[in-house]
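Below is the file coords.txt, which contains compact mmCIF, C-alpha atoms.
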```txt
# COMPACT_ATOMS: atom_id res chain seq x y z
CA MET A 1 -115.14 -154.73 24.24
CA ALA A 2 -112.59 -157.45 24.81
CA ALA A 3 -114.56 -159.57 27.29
CA SER A 4 -117.39 -160.04 24.80
CA VAL A 5 -115.02 -161.44 22.17
CA PRO A 6 -115.90 -165.14 21.86
CA VAL A 7 -112.32 -166.38 22.18
CA VAL A 8 -111.82 -164.38 25.38
CA GLU A 9 -115.11 -165.72 26.75
CA ALA A 10 -113.98 -169.23 25.83
CA ALA A 11 -110.68 -168.77 27.63
CA LEU A 12 -112.43 -167.52 30.73
CA SER A 13 -114.86 -170.45 30.69
CA ALA A 14 -111.98 -172.91 30.39
CA LEU A 15 -110.21 -171.33 33.35
CA ARG A 16 -113.35 -171.38 35.49
CA ALA A 17 -113.88 -175.04 34.63
CA ALA A 18 -110.26 -175.94 35.43
CA LEU A 19 -109.68 -173.85 38.54
CA GLY A 20 -113.15 -173.19 39.96
CA SER A 21 -113.10 -171.33 43.26
CA ARG A 22 -109.29 -171.28 43.29
CA LEU A 23 -109.37 -168.58 40.62
CA VAL A 24 -108.37 -165.25 42.20
CA ALA A 25 -107.85 -162.97 39.20
CA VAL A 26 -107.73 -163.09 35.42
CA VAL A 27 -106.21 -160.19 33.55
CA LEU A 28 -106.25 -159.92 29.79
CA ALA A 29 -103.06 -158.61 28.18
CA GLY A 30 -101.75 -158.24 24.65
CA SER A 31 -103.66 -157.27 21.55
CA HIS A 32 -107.09 -158.29 22.86
CA ALA A 33 -106.67 -155.97 25.85
CA ALA A 34 -105.58 -153.14 23.60
CA ASP A 35 -108.45 -153.69 21.13
CA ARG A 36 -105.86 -154.36 18.44
CA ALA A 37 -106.62 -158.06 18.02
CA ARG A 38 -107.10 -159.50 14.58
CA PRO A 39 -108.85 -162.76 13.75
CA GLY A 40 -106.57 -165.49 15.01
CA SER A 41 -104.67 -163.32 17.48
CA ASP A 42 -103.42 -165.15 20.57
CA VAL A 43 -105.30 -164.69 23.82
CA ASN A 44 -102.75 -163.64 26.46
CA LEU A 45 -103.76 -163.89 30.11
CA ILE A 46 -102.24 -163.37 33.52
CA VAL A 47 -104.00 -165.82 35.82
CA VAL A 48 -103.74 -165.72 39.60
CA ALA A 49 -104.98 -168.77 41.46
CA ASP A 50 -104.74 -170.45 44.83
CA GLY A 51 -103.45 -173.99 45.21
CA LEU A 52 -101.19 -174.07 42.17
CA PRO A 53 -98.22 -176.43 42.07
CA PRO A 54 -94.92 -174.60 42.60
CA PRO A 55 -93.33 -172.93 39.57
CA GLY A 56 -91.90 -175.67 37.37
CA PRO A 57 -92.89 -178.49 35.06
CA GLU A 58 -96.20 -179.41 36.72
CA ARG A 59 -97.52 -175.85 36.61
CA ARG A 60 -96.34 -175.39 33.05
CA GLY A 61 -98.05 -178.66 32.21
CA MET A 62 -101.34 -177.18 33.43
CA ALA A 63 -100.92 -174.17 31.15
CA ARG A 64 -99.94 -176.37 28.22
CA SER A 65 -102.93 -178.64 28.73
CA LEU A 66 -105.35 -175.72 28.81
CA GLY A 67 -103.67 -174.31 25.72
CA ARG A 68 -104.01 -177.57 23.81
CA ASP A 69 -107.72 -177.89 24.63
CA PHE A 70 -108.24 -174.29 23.54
CA LEU A 71 -106.40 -174.95 20.28
CA TRP A 72 -108.40 -178.06 19.37
CA ALA A 73 -111.63 -176.26 20.17
CA GLY A 74 -110.72 -174.00 17.26
CA HIS A 75 -110.04 -170.88 19.30
CA GLY A 76 -106.36 -170.47 18.38
CA ARG A 77 -103.53 -169.99 20.83
CA LEU A 78 -103.98 -169.32 24.53
CA THR A 79 -100.90 -168.25 26.45
CA MET A 80 -100.88 -167.51 30.14
CA ASP A 81 -98.73 -166.73 33.11
CA LEU A 82 -100.11 -168.83 35.97
CA LEU A 83 -99.23 -167.21 39.29
CA ALA A 84 -99.90 -167.86 42.95
CA PRO A 85 -101.12 -164.74 44.79
CA ASP A 86 -97.81 -164.27 46.61
CA GLU A 87 -95.89 -164.31 43.33
CA VAL A 88 -97.65 -161.33 41.79
CA GLY A 89 -95.60 -158.25 41.06
CA ALA A 90 -96.10 -155.17 38.91
CA ALA A 91 -96.83 -155.94 35.27
CA GLU A 92 -94.83 -154.51 32.42
CA PRO A 93 -96.13 -151.32 30.78
CA GLY A 94 -99.03 -152.07 28.47
CA ASP A 95 -102.78 -152.39 28.22
CA TYR A 96 -104.66 -154.72 30.54
CA ARG A 97 -108.27 -155.57 31.24
CA VAL A 98 -109.34 -157.17 34.47
CA LEU A 99 -111.76 -160.00 33.67
CA VAL A 100 -111.91 -161.48 37.17
CA GLY A 101 -110.76 -160.15 40.52
CA ALA A 102 -111.09 -156.38 40.22
CA GLY A 103 -110.43 -154.91 43.65
CA THR A 104 -108.36 -157.82 44.91
CA ASP A 105 -104.90 -157.37 46.42
CA ALA A 106 -103.44 -159.42 43.58
CA VAL A 107 -104.76 -157.04 40.93
CA ALA A 108 -103.68 -154.01 42.95
CA ARG A 109 -100.12 -155.36 42.99
CA LEU A 110 -100.23 -156.33 39.33
CA LEU A 111 -101.57 -152.99 38.11
CA PRO A 112 -100.42 -150.50 40.74
CA GLU A 113 -100.53 -147.35 38.67
CA GLY A 114 -101.55 -145.82 35.39
CA GLU A 115 -104.87 -144.74 34.04
CA PHE A 116 -107.32 -147.10 35.67
CA THR A 117 -110.85 -146.72 34.41
CA GLU A 118 -114.01 -148.74 34.36
CA GLU A 119 -115.38 -149.41 30.89
CA GLY A 120 -118.54 -151.44 30.53
CA GLY A 121 -118.00 -153.26 33.79
CA LEU A 122 -114.34 -154.05 33.08
CA TRP A 123 -111.45 -152.38 34.82
CA THR A 124 -108.93 -151.23 32.28
CA SER A 125 -105.40 -150.16 33.05
CA ARG A 126 -102.96 -148.55 30.68
CA LEU A 127 -99.66 -148.60 32.49
CA PRO A 128 -97.32 -145.85 31.25
CA SER A 129 -94.12 -146.92 29.52
CA MET B 1 -86.64 -179.03 -4.83
CA ASP B 2 -90.04 -177.47 -4.17
CA LEU B 3 -90.74 -175.23 -1.21
CA ALA B 4 -92.44 -177.96 0.83
CA ALA B 5 -89.45 -180.26 0.43
CA ALA B 6 -87.10 -177.38 1.24
CA PHE B 7 -88.95 -176.73 4.51
CA LEU B 8 -88.75 -180.42 5.44
CA ARG B 9 -85.02 -180.46 4.67
CA THR B 10 -84.56 -177.29 6.74
CA ALA B 11 -86.34 -178.99 9.64
CA GLU B 12 -83.65 -181.68 9.61
CA ASP B 13 -80.95 -178.98 9.55
CA ASP B 14 -82.56 -177.33 12.58
CA LEU B 15 -82.65 -180.65 14.43
CA ARG B 16 -78.92 -180.97 13.79
CA ALA B 17 -78.38 -177.41 15.06
CA ALA B 18 -80.36 -178.28 18.20
CA ARG B 19 -78.13 -181.28 18.87
CA VAL B 20 -75.00 -179.14 18.41
CA CYS B 21 -76.32 -176.52 20.85
CA LEU B 22 -77.24 -179.18 23.39
CA ALA B 23 -73.76 -180.71 23.16
CA ALA B 24 -72.31 -177.21 23.63
CA ARG B 25 -74.41 -176.80 26.80
CA SER B 26 -76.51 -174.03 25.33
CA ALA B 27 -79.88 -175.36 26.46
CA PRO B 28 -82.06 -172.38 25.43
CA ALA B 29 -80.56 -172.34 21.93
CA ALA B 30 -81.15 -176.08 21.66
CA ALA B 31 -84.78 -175.62 22.70
CA PHE B 32 -85.21 -172.80 20.21
CA PHE B 33 -83.84 -174.90 17.32
CA ALA B 34 -86.07 -177.78 18.43
CA GLN B 35 -89.08 -175.46 18.06
CA GLN B 36 -87.75 -174.26 14.72
CA ALA B 37 -87.45 -177.84 13.45
CA GLY B 38 -91.05 -178.57 14.38
CA GLU B 39 -92.30 -175.34 12.85
CA LYS B 40 -90.54 -175.98 9.56
CA ALA B 41 -91.72 -179.57 9.33
CA ALA B 42 -95.29 -178.38 9.92
CA LYS B 43 -94.88 -175.72 7.23
CA GLY B 44 -93.56 -178.37 4.86
CA TRP B 45 -96.69 -180.44 5.46
CA LEU B 46 -98.97 -177.41 5.06
CA LEU B 47 -97.34 -176.46 1.75
CA ALA B 48 -97.38 -180.05 0.49
CA HIS B 49 -101.14 -180.04 1.05
CA GLY B 50 -101.76 -176.75 -0.71
CA TYR B 51 -102.04 -174.49 2.34
CA ARG B 52 -100.08 -171.33 3.00
CA ALA B 53 -97.35 -171.62 5.59
CA GLY B 54 -97.61 -168.03 6.82
CA ARG B 55 -94.87 -165.87 8.30
CA THR B 56 -95.29 -166.90 11.88
CA HIS B 57 -93.61 -169.14 14.42
CA TYR B 58 -97.03 -170.31 15.59
CA THR B 59 -98.41 -172.76 13.07
CA THR B 60 -100.67 -174.84 15.30
CA PRO B 61 -103.90 -172.86 14.69
CA MET B 62 -103.35 -173.22 10.94
CA LEU B 63 -102.67 -176.93 11.38
CA VAL B 64 -105.89 -177.45 13.31
CA ARG B 65 -107.88 -175.67 10.58
CA ALA B 66 -106.11 -177.62 7.83
CA LEU B 67 -106.63 -180.96 9.56
CA ALA B 68 -110.34 -180.22 9.93
CA LEU B 69 -110.48 -179.76 6.17
CA GLU B 70 -108.36 -182.83 5.44
CA GLY B 71 -110.59 -185.19 7.38
CA GLY B 72 -110.44 -187.60 10.27
CA GLY B 73 -107.60 -189.82 9.11
CA SER B 74 -105.12 -186.97 8.92
CA THR B 75 -106.21 -185.60 12.28
CA ALA B 76 -105.75 -188.96 13.99
CA ALA B 77 -102.28 -189.38 12.53
CA LEU B 78 -101.06 -185.91 13.37
CA ARG B 79 -102.92 -184.94 16.53
CA ASP B 80 -100.08 -185.98 18.85
CA ALA B 81 -97.57 -184.15 16.64
CA VAL B 82 -99.66 -180.96 16.75
CA ASN B 83 -99.87 -181.24 20.53
CA ALA B 84 -96.11 -181.69 20.77
CA LEU B 85 -95.56 -178.73 18.46
CA HIS B 86 -97.95 -176.65 20.58
CA ASP B 87 -95.74 -177.33 23.60
CA LEU B 88 -92.58 -176.49 21.63
CA GLU B 89 -94.03 -173.16 20.52
CA GLU B 90 -93.31 -171.57 23.89
CA TYR B 91 -89.61 -171.75 23.00
CA ALA B 92 -90.05 -169.59 19.89
CA ALA B 93 -89.83 -166.51 22.10
CA GLY B 94 -89.30 -168.01 25.54
CA ALA B 95 -85.92 -169.50 24.70
CA ARG B 96 -84.60 -166.20 23.35
CA TYR B 97 -85.85 -163.34 25.52
CA PRO B 98 -85.35 -162.72 29.20
CA SER B 99 -88.73 -161.22 29.88
CA HIS B 100 -90.91 -163.83 28.20
CA GLY B 101 -92.92 -165.90 30.63
CA ALA B 102 -91.36 -164.24 33.62
CA ARG B 103 -93.39 -163.53 36.68
CA PRO B 104 -94.47 -159.92 36.40
CA GLY B 105 -91.79 -157.72 37.85
CA THR B 106 -89.07 -160.37 37.80
CA TYR B 107 -86.61 -161.08 35.05
CA GLU B 108 -84.10 -163.79 34.31
CA PRO B 109 -82.27 -165.01 31.21
CA PRO B 110 -83.68 -168.05 29.43
CA ALA B 111 -80.77 -170.15 30.72
CA ALA B 112 -82.14 -169.74 34.23
CA ARG B 113 -85.41 -171.38 33.16
CA ILE B 114 -84.41 -173.96 30.54
CA ASP B 115 -81.89 -176.57 31.61
CA ALA B 116 -80.21 -179.37 29.64
CA ALA B 117 -82.83 -181.95 30.62
CA GLU B 118 -85.64 -179.76 29.37
CA ALA B 119 -83.79 -178.98 26.15
CA ALA B 120 -83.13 -182.69 25.59
CA ALA B 121 -86.85 -183.36 26.06
CA ALA B 122 -87.64 -180.59 23.57
CA LEU B 123 -85.26 -182.18 21.09
CA ARG B 124 -87.00 -185.57 21.45
CA GLN B 125 -90.37 -183.89 20.93
CA ALA B 126 -89.04 -182.11 17.85
CA ARG B 127 -87.75 -185.39 16.40
CA PHE B 128 -91.21 -186.87 16.88
CA VAL B 129 -92.88 -183.85 15.25
CA VAL B 130 -90.52 -183.80 12.27
CA ASP B 131 -90.90 -187.54 11.69
CA ALA B 132 -94.69 -187.32 11.85
CA PHE B 133 -94.98 -184.45 9.37
CA GLU B 134 -92.35 -185.92 7.04
CA ARG B 135 -94.20 -189.25 6.93
CA ALA B 136 -97.53 -187.53 6.37
CA ALA B 137 -96.13 -185.28 3.64
CA ARG B 138 -94.59 -188.27 1.85
CA ARG B 139 -97.76 -190.34 1.85
CA GLY B 140 -100.01 -187.34 1.16
CA GLY B 141 -101.92 -187.77 4.40
```
This structure in structure tokens:
Amino acid sequence: MAASVPVVEAALSALRAALGSRLVAVVLAGSHAADRARPGSDVNLIVVADGLPPPGPERRGMARSLGRDFLWAGHGRLTMDLLAPDEVGAAEPGDYRVLVGAGTDAVARLLPEGEFTEEGGLWTSRLPS
Amino acid sequence: MDLAAAFLRTAEDDLRAARVCLAARSAPAAAFFAQQAGEKAAKGWLLAHGYRAGRTHYTTPMLVRALALEGGGSTAALRDAVNALHDLEEYAAGARYPSHGARPGTYEPPAARIDAAEAAAALRQARFVVDAFERAARRGG
């Protein structure tokens, strides 16, 4: 299960430390969400948070800083889309796992359709292509 | 010329390509070649130190592992270069594809996201990365 993978747990901990109560939703994408990750695979996240700087260099700087810390902690690469709640639209087809924020409006807009099942306490969505 | 030296030479060629693209007002292409220059310099350093370069654009995890094995002196000298390369890595895909890094449900070409100022900054970062790995490869550190 993806959420119990140490690198995913580490990413989630880093986000909680950085964003605290501003964190609205965290959705795992990519190979970890699809259970196709190999050792060293990137951790790809869609992160929805309140109080972010507007899209641009400052927000990208936040993502880069988190990514650098993750890298030097030996966890590999962490990539993320950092979004304010009002910026969230439907995600591209693919596999997703909701780590934080299941049931929120943001997640409903991000994953509006597809097979949406609960597996081990995680909401999983496989959006059709 | 051995493979490590060939990668370092290719890094310089990619820096030149980045400058040409920037002068031609193709900012995303300049940013992409800046990332390529950093990647190839890092691979030159990895190969010069007996590590595999790997067939990936994303060398920073390998660099962190290699630096841990090499010891503190190497890490101190190259930490800033690895951080700069980490930031350049987003251009490996992001400077080439319209969907990468987009807000979900919205799309735009890379040129809408990467302007000349950003590409020029990427080029400066790449110069720093290439210089750092070239120096370290030459002195064996």
Give me, please, the distance in Å between atom CA of B:Gly94 and atom CA of B:Ala4, quoted to one decimal.
26.8 Å
Residues of chain B no more than 12 Å from chain A, counting all atoms listed in the file: send them over as JSON, numbers by chain.
{"B": [56, 57, 58, 59, 60, 61, 62, 63, 64, 65, 66, 67, 68, 75, 79, 80, 81, 82, 83, 84, 85, 86, 87, 88, 89, 90, 94, 99, 100, 101, 102, 103, 104, 105, 106, 107, 112, 113, 114, 115, 117, 118, 121]}
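Atom CA of A:Pro54 is positioned 17.4 Å from atom CA of A:Ala106.
The closest residue to A:Glu9, picked from A:Ala34, A:Leu78, A:Ala49, A:Ala102 and counting only C-alpha atoms, is A:Leu78.
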Can you take the partial stretch 52-63 of chain A, add N, CA and C atoms, and return it as a tab-separated table (two decimals), keeping the file's coordinate frame?
```tsv
chain	number	residue	atom	x	y	z
A	52	LEU	N	-101.94	-173.62	43.35
A	52	LEU	CA	-101.19	-174.07	42.17
A	52	LEU	C	-99.97	-174.88	42.62
A	53	PRO	N	-99.51	-175.81	41.78
A	53	PRO	CA	-98.22	-176.43	42.07
A	53	PRO	C	-97.12	-175.36	42.02
A	54	PRO	N	-95.99	-175.61	42.65
A	54	PRO	CA	-94.92	-174.60	42.60
A	54	PRO	C	-94.46	-174.36	41.17
A	55	PRO	N	-93.81	-173.20	40.93
A	55	PRO	CA	-93.33	-172.93	39.57
A	55	PRO	C	-92.45	-174.09	39.10
A	56	GLY	N	-92.67	-174.54	37.89
A	56	GLY	CA	-91.90	-175.67	37.37
A	56	GLY	C	-92.72	-176.48	36.39
A	57	PRO	N	-92.28	-177.70	36.12
A	57	PRO	CA	-92.89	-178.49	35.06
A	57	PRO	C	-94.38	-178.78	35.26
A	58	GLU	N	-94.79	-179.05	36.52
A	58	GLU	CA	-96.20	-179.41	36.72
A	58	GLU	C	-97.11	-178.22	36.42
A	59	ARG	N	-96.70	-177.03	36.89
A	59	ARG	CA	-97.52	-175.85	36.61
A	59	ARG	C	-97.52	-175.53	35.12
A	60	ARG	N	-96.38	-175.65	34.48
A	60	ARG	CA	-96.34	-175.39	33.05
A	60	ARG	C	-97.17	-176.42	32.30
A	61	GLY	N	-97.21	-177.64	32.81
A	61	GLY	CA	-98.05	-178.66	32.21
A	61	GLY	C	-99.52	-178.28	32.25
A	62	MET	N	-99.95	-177.64	33.35
A	62	MET	CA	-101.34	-177.18	33.43
A	62	MET	C	-101.63	-176.17	32.33
A	63	ALA	N	-100.72	-175.21	32.17
A	63	ALA	CA	-100.92	-174.17	31.15
A	63	ALA	C	-100.91	-174.78	29.75
```
